[in-house]
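Contents: one structure, followed by commentary.
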Amino acid sequence: MKLINFRAEGRESVGALGSHGIVDLGARLGHDVTDALTFIRAGLMGPGRSIAALDQNDYALADVQILKPVGRDTRYFCIGVNYPERNEEYKDGSERPKYPSLFMRSHTSLTAHGESILRPLESEQLDYEGEIVVIIGTGGRRIKPEAALSHVFGYTCGNEGSVRDWLRHSKFNVTQGKNFDRSGAIGPCIVTADEVGAAPLRVTTRVNGEERQNDTSDRMLFSIPYLISYLSTFCSLEPGDVIFSGTPSGAGARFDPPRYLRAGDVVEVEISRVGVLRNTVVDDAG
């Protein structure tokens with residue numbers, strides 16, 4: 001099933017996305033289901049599937065505003081340097097990491113599919129980072145790697161945008177450069193884990209139609225099951241938690257000279273069997 005958060009007729013809801021439109025699960029299920037997060041936490045997958053199977057569409061996709069698939073009442077865990085060539089891109093002679101690099105993002109730093117990404121006034125170094133994004137369905141603590149995928153609700157696409165010069169403002173963190181408002185994006189929908197399957201996922205990033213990144217999840221230094229296990233070692237994962245699993249080589253900063261984003265650029269992040277996230281860059285008006 002594909003879950004999509006949307007706004008229509010002055011209200012927000014969650015729907016099942018089909019080939020011909022959207023089934024409004026929020027309106028049909030009740031239970032204060034207003035988005036995918038409340039749907040996941042209420043454990044309504046069974047009833048939701050039954051309603052979606054009727055294929056009685058309430059809205060055409062063109063008639064709604066697509067919202068972020070997960071919102072403010074969750075956590076965004078982000079993994080850095082998680083593909084083999086990414087470590088080599090830093091050209092610092094360091095060995096491959098023993099543990100994942102980790103940082104957090106706020107919900108205001110991400111925008112929805114089809115909405116504009118903001119290039120901030122304070123920098124000319126806004127960069128793209130296409131990523132496979134994992135949404136937790138069943139929480140837990142100290143989850144074993146072999147059981148980790150059973151905790152996954154689904155997957156979506158992410159552009160984990162970075163403001164490169166602000167990443168280097170301090171010695172021990174990158175929080176500033178990762179949290180400019182609307183500097184990244186997520187969406188358009190959550191595809192449930194059973195529909196995605198277990199085969200490796202391919203992430204491809206294009207800027208104005210030019211391919212910049214292309215890699216597969218089986219080449220990650222730290223696999224998705226390992227990441228879930230690692231994160232749950234130090235904190236309890238909760239339904240709706242989000243994991244950005246890392247970006248392949250090919251970000252704009254690694255070109256010579258760097259190829260940072262400019263107003264008017266169109267960034268597409270495509271994840272096989274999941275979808276395409278598309279956003280246009282605009283300058284922040286301040």
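In the structure tokens, chains take the letters A, B, ... in the order shown, each chain's residues start at 1, and ligands count up from 1 in the order shown.
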With the cut-off set at 12 Å and counting only C-alpha atoms, tabulate each residue of range 149-230 of chain A with an atom at most that distance from an atom of range 264-275 of chain A, showing the nearest atom pair and its distance in Å to one decimal, ordered by chain and increasing number, as JSON lines.
{"residue": "A:Gly154", "atom": "CA", "partner": "A:Val274", "partner_atom": "CA", "distance": 9.3}
{"residue": "A:Tyr155", "atom": "CA", "partner": "A:Val274", "partner_atom": "CA", "distance": 6.8}
{"residue": "A:Thr156", "atom": "CA", "partner": "A:Val274", "partner_atom": "CA", "distance": 6.2}
{"residue": "A:Cys157", "atom": "CA", "partner": "A:Ile271", "partner_atom": "CA", "distance": 6.2}
{"residue": "A:Gly158", "atom": "CA", "partner": "A:Val269", "partner_atom": "CA", "distance": 6.9}
{"residue": "A:Asn159", "atom": "CA", "partner": "A:Val269", "partner_atom": "CA", "distance": 6.7}
{"residue": "A:Glu160", "atom": "CA", "partner": "A:Val269", "partner_atom": "CA", "distance": 10.2}
{"residue": "A:Gly161", "atom": "CA", "partner": "A:Val267", "partner_atom": "CA", "distance": 10.5}
{"residue": "A:Ser183", "atom": "CA", "partner": "A:Val267", "partner_atom": "CA", "distance": 12.0}
{"residue": "A:Gly184", "atom": "CA", "partner": "A:Val267", "partner_atom": "CA", "distance": 10.3}
{"residue": "A:Ala185", "atom": "CA", "partner": "A:Val269", "partner_atom": "CA", "distance": 9.6}
{"residue": "A:Ile186", "atom": "CA", "partner": "A:Val269", "partner_atom": "CA", "distance": 9.4}
{"residue": "A:Gly187", "atom": "CA", "partner": "A:Gly275", "partner_atom": "CA", "distance": 8.4}
{"residue": "A:Pro188", "atom": "CA", "partner": "A:Gly275", "partner_atom": "CA", "distance": 7.4}
{"residue": "A:Cys189", "atom": "CA", "partner": "A:Gly275", "partner_atom": "CA", "distance": 7.8}
{"residue": "A:Ile190", "atom": "CA", "partner": "A:Val274", "partner_atom": "CA", "distance": 7.7}
{"residue": "A:Val191", "atom": "CA", "partner": "A:Val274", "partner_atom": "CA", "distance": 5.9}
{"residue": "A:Thr192", "atom": "CA", "partner": "A:Val274", "partner_atom": "CA", "distance": 9.0}
{"residue": "A:Ala193", "atom": "CA", "partner": "A:Val274", "partner_atom": "CA", "distance": 9.8}
{"residue": "A:Asp194", "atom": "CA", "partner": "A:Arg273", "partner_atom": "CA", "distance": 11.1}
{"residue": "A:Glu195", "atom": "CA", "partner": "A:Arg273", "partner_atom": "CA", "distance": 8.1}
{"residue": "A:Val196", "atom": "CA", "partner": "A:Arg273", "partner_atom": "CA", "distance": 5.8}
{"residue": "A:Gly197", "atom": "CA", "partner": "A:Arg273", "partner_atom": "CA", "distance": 8.7}
{"residue": "A:Ala198", "atom": "CA", "partner": "A:Arg273", "partner_atom": "CA", "distance": 10.8}
{"residue": "A:Ala199", "atom": "CA", "partner": "A:Arg273", "partner_atom": "CA", "distance": 9.9}
{"residue": "A:Pro200", "atom": "CA", "partner": "A:Ser272", "partner_atom": "CA", "distance": 8.8}
{"residue": "A:Leu201", "atom": "CA", "partner": "A:Ser272", "partner_atom": "CA", "distance": 5.6}
{"residue": "A:Arg202", "atom": "CA", "partner": "A:Ser272", "partner_atom": "CA", "distance": 5.3}
{"residue": "A:Val203", "atom": "CA", "partner": "A:Ile271", "partner_atom": "CA", "distance": 4.7}
{"residue": "A:Thr204", "atom": "CA", "partner": "A:Glu270", "partner_atom": "CA", "distance": 5.1}
{"residue": "A:Thr205", "atom": "CA", "partner": "A:Val269", "partner_atom": "CA", "distance": 4.5}
{"residue": "A:Arg206", "atom": "CA", "partner": "A:Glu268", "partner_atom": "CA", "distance": 5.1}
{"residue": "A:Val207", "atom": "CA", "partner": "A:Val267", "partner_atom": "CA", "distance": 4.7}
{"residue": "A:Asn208", "atom": "CA", "partner": "A:Val266", "partner_atom": "CA", "distance": 5.0}
{"residue": "A:Gly209", "atom": "CA", "partner": "A:Val266", "partner_atom": "CA", "distance": 7.8}
{"residue": "A:Glu210", "atom": "CA", "partner": "A:Val267", "partner_atom": "CA", "distance": 9.4}
{"residue": "A:Glu211", "atom": "CA", "partner": "A:Glu268", "partner_atom": "CA", "distance": 9.2}
{"residue": "A:Arg212", "atom": "CA", "partner": "A:Val267", "partner_atom": "CA", "distance": 10.0}
{"residue": "A:Gln213", "atom": "CA", "partner": "A:Val269", "partner_atom": "CA", "distance": 9.0}
{"residue": "A:Asn214", "atom": "CA", "partner": "A:Glu270", "partner_atom": "CA", "distance": 9.4}
{"residue": "A:Asp215", "atom": "CA", "partner": "A:Ile271", "partner_atom": "CA", "distance": 10.0}
{"residue": "A:Thr216", "atom": "CA", "partner": "A:Ile271", "partner_atom": "CA", "distance": 9.3}
{"residue": "A:Ser217", "atom": "CA", "partner": "A:Ile271", "partner_atom": "CA", "distance": 10.1}
Checklist entry - What's the 9 Å shell around range 107-123 of chain A, counting only C-alpha atoms, without same-chain residues fewer than 5 positions away, as an NGL selection string? => result :A and (65-76 or 159-161 or 163-166 or 178-189 or 261-263 or 276-286)
Checklist entry - For the atom pair CA of Lys171 in chain A and CA of Gln125 in chain A, what is the interatomic distance in Å to one decimal place? => result 18.8 Å
Could you pull the residues within 10 Å of range 24-29 of chain A, counting only C-alpha atoms, minus those fewer than 5 positions along the same chain, as a JSON list (two decimals) with N, CA, C and O atoms, in the first residue's frame?
[["chain", "number", "residue", "atom", "x", "y", "z"],
["A", 3, "LEU", "N", 0.81, 5.11, 1.17],
["A", 3, "LEU", "CA", 0.13, 6.10, 2.00],
["A", 3, "LEU", "C", 0.61, 7.49, 1.65],
["A", 3, "LEU", "O", 1.81, 7.74, 1.53],
["A", 4, "ILE", "N", -0.34, 8.41, 1.50],
["A", 4, "ILE", "CA", 0.01, 9.78, 1.14],
["A", 4, "ILE", "C", -0.75, 10.75, 2.03],
["A", 4, "ILE", "O", -1.97, 10.61, 2.24],
["A", 5, "ASN", "N", -0.04, 11.71, 2.61],
["A", 5, "ASN", "CA", -0.67, 12.78, 3.37],
["A", 5, "ASN", "C", -1.05, 13.90, 2.40],
["A", 5, "ASN", "O", -0.26, 14.25, 1.51],
["A", 6, "PHE", "N", -2.23, 14.47, 2.59],
["A", 6, "PHE", "CA", -2.68, 15.48, 1.63],
["A", 6, "PHE", "C", -3.61, 16.48, 2.31],
["A", 6, "PHE", "O", -4.14, 16.23, 3.39],
["A", 12, "GLU", "N", -6.86, 18.24, 6.37],
["A", 12, "GLU", "CA", -5.73, 17.37, 6.12],
["A", 12, "GLU", "C", -6.11, 15.94, 6.44],
["A", 12, "GLU", "O", -6.86, 15.68, 7.39],
["A", 13, "SER", "N", -5.58, 15.00, 5.65],
["A", 13, "SER", "CA", -5.92, 13.60, 5.85],
["A", 13, "SER", "C", -4.81, 12.73, 5.29],
["A", 13, "SER", "O", -3.83, 13.21, 4.73],
["A", 14, "VAL", "N", -4.99, 11.42, 5.46],
["A", 14, "VAL", "CA", -4.09, 10.43, 4.88],
["A", 14, "VAL", "C", -4.91, 9.56, 3.94],
["A", 14, "VAL", "O", -6.06, 9.23, 4.22],
["A", 15, "GLY", "N", -4.30, 9.21, 2.81],
["A", 15, "GLY", "CA", -5.01, 8.40, 1.84],
["A", 15, "GLY", "C", -4.17, 7.25, 1.35],
["A", 15, "GLY", "O", -2.94, 7.21, 1.54],
["A", 16, "ALA", "N", -4.85, 6.30, 0.71],
["A", 16, "ALA", "CA", -4.18, 5.22, 0.00],
["A", 16, "ALA", "C", -4.11, 5.62, -1.47],
["A", 16, "ALA", "O", -5.13, 5.91, -2.10],
["A", 17, "LEU", "N", -2.90, 5.67, -1.98],
["A", 17, "LEU", "CA", -2.69, 6.12, -3.35],
["A", 17, "LEU", "C", -2.79, 4.93, -4.30],
["A", 17, "LEU", "O", -2.06, 3.95, -4.17],
["A", 34, "THR", "N", -5.52, 11.66, 11.05],
["A", 34, "THR", "CA", -5.35, 12.87, 10.24],
["A", 34, "THR", "C", -4.13, 12.81, 9.33],
["A", 34, "THR", "O", -3.97, 13.67, 8.47],
["A", 35, "ASP", "N", -3.26, 11.82, 9.55],
["A", 35, "ASP", "CA", -2.07, 11.70, 8.72],
["A", 35, "ASP", "C", -1.51, 10.28, 8.86],
["A", 35, "ASP", "O", -2.04, 9.45, 9.60],
["A", 36, "ALA", "N", -0.43, 10.02, 8.12],
["A", 36, "ALA", "CA", 0.16, 8.67, 8.15],
["A", 36, "ALA", "C", 0.68, 8.31, 9.53],
["A", 36, "ALA", "O", 0.64, 7.14, 9.92],
["A", 38, "THR", "N", -0.51, 9.18, 12.58],
["A", 38, "THR", "CA", -1.59, 8.71, 13.45],
["A", 38, "THR", "C", -2.13, 7.36, 12.95],
["A", 38, "THR", "O", -2.54, 6.52, 13.75],
["A", 39, "PHE", "N", -2.11, 7.13, 11.66],
["A", 39, "PHE", "CA", -2.52, 5.85, 11.09],
["A", 39, "PHE", "C", -1.60, 4.72, 11.58],
["A", 39, "PHE", "O", -2.06, 3.67, 12.02],
["A", 44, "LEU", "N", -3.78, 0.71, 12.28],
["A", 44, "LEU", "CA", -4.95, 0.55, 11.42],
["A", 44, "LEU", "C", -4.61, -0.03, 10.05],
["A", 44, "LEU", "O", -5.38, 0.14, 9.09],
["A", 47, "PRO", "N", -7.59, -2.59, 8.67],
["A", 47, "PRO", "CA", -8.76, -1.89, 8.14],
["A", 47, "PRO", "C", -8.43, -0.99, 6.95],
["A", 47, "PRO", "O", -9.22, -0.88, 6.00],
["A", 48, "GLY", "N", -7.26, -0.37, 6.98],
["A", 48, "GLY", "CA", -6.85, 0.50, 5.88],
["A", 48, "GLY", "C", -6.71, -0.26, 4.58],
["A", 48, "GLY", "O", -7.15, 0.20, 3.52],
["A", 49, "ARG", "N", -6.12, -1.44, 4.65],
["A", 49, "ARG", "CA", -5.98, -2.27, 3.45],
["A", 49, "ARG", "C", -7.35, -2.66, 2.89],
["A", 49, "ARG", "O", -7.56, -2.67, 1.67],
["A", 51, "ILE", "N", -10.19, -1.10, 3.13],
["A", 51, "ILE", "CA", -10.83, 0.06, 2.49],
["A", 51, "ILE", "C", -10.15, 0.38, 1.17],
["A", 51, "ILE", "O", -10.81, 0.64, 0.15],
["A", 52, "ALA", "N", -8.82, 0.35, 1.16],
["A", 52, "ALA", "CA", -8.08, 0.66, -0.06],
["A", 52, "ALA", "C", -8.40, -0.33, -1.17],
["A", 52, "ALA", "O", -8.44, 0.03, -2.35],
["A", 56, "GLN", "N", -12.34, 2.80, -4.18],
["A", 56, "GLN", "CA", -13.36, 3.83, -4.34],
["A", 56, "GLN", "C", -12.70, 5.19, -4.09],
["A", 56, "GLN", "O", -12.70, 5.71, -2.97],
["A", 57, "ASN", "N", -12.15, 5.76, -5.13],
["A", 57, "ASN", "CA", -11.33, 6.97, -4.99],
["A", 57, "ASN", "C", -12.18, 8.17, -4.62],
["A", 57, "ASN", "O", -13.27, 8.39, -5.15],
["A", 58, "ASP", "N", -11.64, 8.96, -3.70],
["A", 58, "ASP", "CA", -12.31, 10.18, -3.25],
["A", 58, "ASP", "C", -11.77, 11.43, -3.92],
["A", 58, "ASP", "O", -12.48, 12.43, -4.06],
["A", 59, "TYR", "N", -10.48, 11.39, -4.32],
["A", 59, "TYR", "CA", -9.86, 12.55, -4.93],
["A", 59, "TYR", "C", -8.93, 12.11, -6.06],
["A", 59, "TYR", "O", -8.30, 11.04, -5.97]]
Item to check | Nearest to Gly43 in chain A by atom-to-atom distance, counting only C-alpha atoms, from A:Arg141, A:Gly10, A:Tyr99, A:Phe153 | outcome: A:Phe153
Item to check | Shell around Glu85 in chain A at 12 Å using only C-alpha atoms, local window under 4 positions removed, as an MDAnalysis selection string | outcome: chainID A and resid 81 89:91 95:96 213:215 219:221 247:251 254
Next, write the just-selected residues to a file, as a compact mmCIF listing (two decimals), in the first residue's frame, keeping all heavy atoms as the atom set.
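Now in part_10.txt:
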# COMPACT_ATOMS: atom_id res chain seq x y z
N VAL A 81 28.00 9.37 5.55
CA VAL A 81 29.14 8.56 5.04
C VAL A 81 28.80 7.07 5.11
O VAL A 81 29.43 6.31 5.83
CB VAL A 81 30.44 8.87 5.82
CG1 VAL A 81 31.66 8.31 5.06
CG2 VAL A 81 30.62 10.37 6.05
N GLU A 89 35.69 10.27 -0.84
CA GLU A 89 35.48 11.62 -1.36
C GLU A 89 36.08 12.70 -0.45
O GLU A 89 36.42 13.78 -0.92
CB GLU A 89 33.97 11.89 -1.51
CG GLU A 89 33.38 11.30 -2.78
CD GLU A 89 31.91 11.68 -2.92
OE1 GLU A 89 31.25 11.94 -1.90
OE2 GLU A 89 31.44 11.71 -4.06
N TYR A 90 36.21 12.41 0.83
CA TYR A 90 36.75 13.40 1.75
C TYR A 90 38.26 13.59 1.60
O TYR A 90 38.81 14.59 2.05
CB TYR A 90 36.41 13.02 3.20
CG TYR A 90 34.97 13.31 3.53
CD1 TYR A 90 33.99 12.33 3.36
CD2 TYR A 90 34.56 14.55 3.99
CE1 TYR A 90 32.66 12.59 3.66
CE2 TYR A 90 33.24 14.83 4.29
CZ TYR A 90 32.29 13.83 4.12
OH TYR A 90 30.97 14.08 4.40
N LYS A 91 38.92 12.63 0.97
CA LYS A 91 40.35 12.74 0.65
C LYS A 91 41.19 13.11 1.87
O LYS A 91 42.14 13.90 1.79
CB LYS A 91 40.56 13.78 -0.47
CG LYS A 91 39.84 13.43 -1.77
CD LYS A 91 40.02 14.51 -2.83
CE LYS A 91 39.27 14.15 -4.10
NZ LYS A 91 39.39 15.18 -5.15
N GLU A 95 40.45 5.80 7.51
CA GLU A 95 39.92 4.47 7.27
C GLU A 95 38.38 4.53 7.28
O GLU A 95 37.78 5.48 7.77
CB GLU A 95 40.40 3.51 8.35
CG GLU A 95 41.92 3.31 8.36
CD GLU A 95 42.34 2.33 9.45
OE1 GLU A 95 41.46 1.86 10.21
OE2 GLU A 95 43.55 2.05 9.53
N ARG A 96 37.79 3.49 6.73
CA ARG A 96 36.34 3.41 6.77
C ARG A 96 35.87 3.37 8.22
O ARG A 96 36.50 2.76 9.07
CB ARG A 96 35.85 2.17 6.02
CG ARG A 96 36.09 2.26 4.52
CD ARG A 96 35.45 1.11 3.78
NE ARG A 96 35.70 1.21 2.35
CZ ARG A 96 35.20 0.39 1.44
NH1 ARG A 96 34.43 -0.62 1.82
NH2 ARG A 96 35.49 0.55 0.16
N GLN A 213 23.82 11.02 -8.92
CA GLN A 213 24.07 9.94 -7.96
C GLN A 213 23.33 8.68 -8.41
O GLN A 213 22.21 8.77 -8.93
CB GLN A 213 23.57 10.34 -6.56
CG GLN A 213 24.30 11.52 -5.95
CD GLN A 213 23.75 11.86 -4.57
OE1 GLN A 213 22.61 12.26 -4.43
NE2 GLN A 213 24.58 11.70 -3.55
N ASN A 214 23.96 7.53 -8.19
CA ASN A 214 23.32 6.27 -8.57
C ASN A 214 24.01 5.14 -7.80
O ASN A 214 25.20 4.87 -8.02
CB ASN A 214 23.42 6.02 -10.07
CG ASN A 214 22.56 4.87 -10.53
OD1 ASN A 214 22.36 3.90 -9.82
ND2 ASN A 214 22.03 4.97 -11.74
N ASP A 215 23.30 4.50 -6.87
CA ASP A 215 23.90 3.42 -6.09
C ASP A 215 22.78 2.57 -5.51
O ASP A 215 21.60 2.91 -5.63
CB ASP A 215 24.79 3.96 -4.99
CG ASP A 215 26.03 3.10 -4.76
OD1 ASP A 215 25.92 1.86 -4.91
OD2 ASP A 215 27.09 3.66 -4.43
N ARG A 219 25.16 -1.91 -1.08
CA ARG A 219 26.54 -1.42 -1.00
C ARG A 219 26.76 -0.51 0.21
O ARG A 219 27.85 0.01 0.41
CB ARG A 219 26.93 -0.70 -2.28
CG ARG A 219 26.89 -1.58 -3.51
CD ARG A 219 27.43 -0.85 -4.73
NE ARG A 219 28.86 -0.63 -4.62
CZ ARG A 219 29.45 0.55 -4.44
NH1 ARG A 219 28.72 1.65 -4.33
NH2 ARG A 219 30.75 0.66 -4.37
N MET A 220 25.75 -0.33 1.02
CA MET A 220 25.91 0.51 2.21
C MET A 220 26.97 -0.07 3.14
O MET A 220 27.07 -1.29 3.30
CB MET A 220 24.59 0.61 2.98
CG MET A 220 23.52 1.44 2.32
SD MET A 220 22.00 1.43 3.32
CE MET A 220 20.99 2.58 2.40
N LEU A 221 27.74 0.81 3.75
CA LEU A 221 28.70 0.36 4.77
C LEU A 221 27.98 -0.20 5.98
O LEU A 221 28.43 -1.17 6.60
CB LEU A 221 29.59 1.53 5.19
CG LEU A 221 30.46 2.17 4.09
CD1 LEU A 221 31.23 3.35 4.66
CD2 LEU A 221 31.41 1.15 3.48
N THR A 247 23.72 9.04 1.88
CA THR A 247 23.70 9.37 0.45
C THR A 247 24.91 8.79 -0.27
O THR A 247 26.00 8.69 0.31
CB THR A 247 23.66 10.90 0.25
OG1 THR A 247 23.27 11.20 -1.09
CG2 THR A 247 25.00 11.55 0.54
N PRO A 248 24.75 8.36 -1.53
CA PRO A 248 25.90 7.88 -2.30
C PRO A 248 26.84 9.01 -2.70
O PRO A 248 26.57 10.20 -2.46
CB PRO A 248 25.24 7.26 -3.55
CG PRO A 248 23.78 7.16 -3.25
CD PRO A 248 23.49 8.23 -2.26
N SER A 249 27.93 8.64 -3.36
CA SER A 249 28.85 9.65 -3.89
C SER A 249 28.16 10.42 -5.01
O SER A 249 27.16 9.98 -5.58
CB SER A 249 30.12 8.98 -4.41
OG SER A 249 29.80 8.10 -5.48
N GLY A 250 28.69 11.59 -5.28
CA GLY A 250 28.17 12.39 -6.38
C GLY A 250 27.46 13.67 -5.99
O GLY A 250 26.86 14.34 -6.83
N ALA A 251 27.50 14.03 -4.70
CA ALA A 251 26.92 15.31 -4.28
C ALA A 251 27.69 16.46 -4.92
O ALA A 251 28.84 16.31 -5.33
CB ALA A 251 26.93 15.42 -2.76
N ARG A 254 31.42 17.50 -4.24
CA ARG A 254 32.54 16.63 -4.61
C ARG A 254 33.00 16.82 -6.04
O ARG A 254 33.92 16.15 -6.49
CB ARG A 254 32.14 15.16 -4.35
CG ARG A 254 31.69 14.89 -2.92
CD ARG A 254 32.69 15.42 -1.90
NE ARG A 254 32.10 15.41 -0.55
CZ ARG A 254 32.64 16.05 0.47
NH1 ARG A 254 33.76 16.74 0.31
NH2 ARG A 254 32.06 16.01 1.65
Next on the checklist: Just want the 8 Å neighbourhood of range 239-242 of chain A, counted on only C-alpha atoms, with same-chain residues fewer than 5 positions away dropped. Output as a PyMOL selection string.
Outcome noted: chain A and resi 37+40-41+70+74-77+133-139
Go ahead and save the residues from that selection, with C-alpha atoms, as a PDB file, in the first residue's frame.
ATOM      1  CA  LEU A  37       1.711   9.015  11.593  1.00  0.00           C
ATOM      2  CA  ILE A  40       0.689   3.967  11.932  1.00  0.00           C
ATOM      3  CA  ARG A  41       0.438   4.564  15.664  1.00  0.00           C
ATOM      4  CA  VAL A  70       5.611  12.269   8.182  1.00  0.00           C
ATOM      5  CA  THR A  74       8.462  12.371  15.118  1.00  0.00           C
ATOM      6  CA  ARG A  75      12.245  12.148  15.033  1.00  0.00           C
ATOM      7  CA  TYR A  76      14.531  12.309  12.007  1.00  0.00           C
ATOM      8  CA  PHE A  77      17.708  10.244  12.452  1.00  0.00           C
ATOM      9  CA  VAL A 133      14.337   6.803   3.938  1.00  0.00           C
ATOM     10  CA  VAL A 134      13.014   4.230   6.411  1.00  0.00           C
ATOM     11  CA  ILE A 135       9.878   4.693   8.535  1.00  0.00           C
ATOM     12  CA  ILE A 136       9.619   2.639  11.713  1.00  0.00           C
ATOM     13  CA  GLY A 137       6.303   0.872  12.298  1.00  0.00           C
ATOM     14  CA  THR A 138       6.969  -1.126  15.450  1.00  0.00           C
ATOM     15  CA  GLY A 139       9.103   0.410  18.154  1.00  0.00           C
TER      16      GLY A 139
END
Checklist entry - Among range 45-271 of chain A, which ones does DSSP place in strand (DSSP E), written as a ChimeraX atom specification? => result /A:65-66,76-80,101-105,110-112,117-119,126-127,130-136,152-159,162-163,184-192,202-207,210-216,242-244,266-271
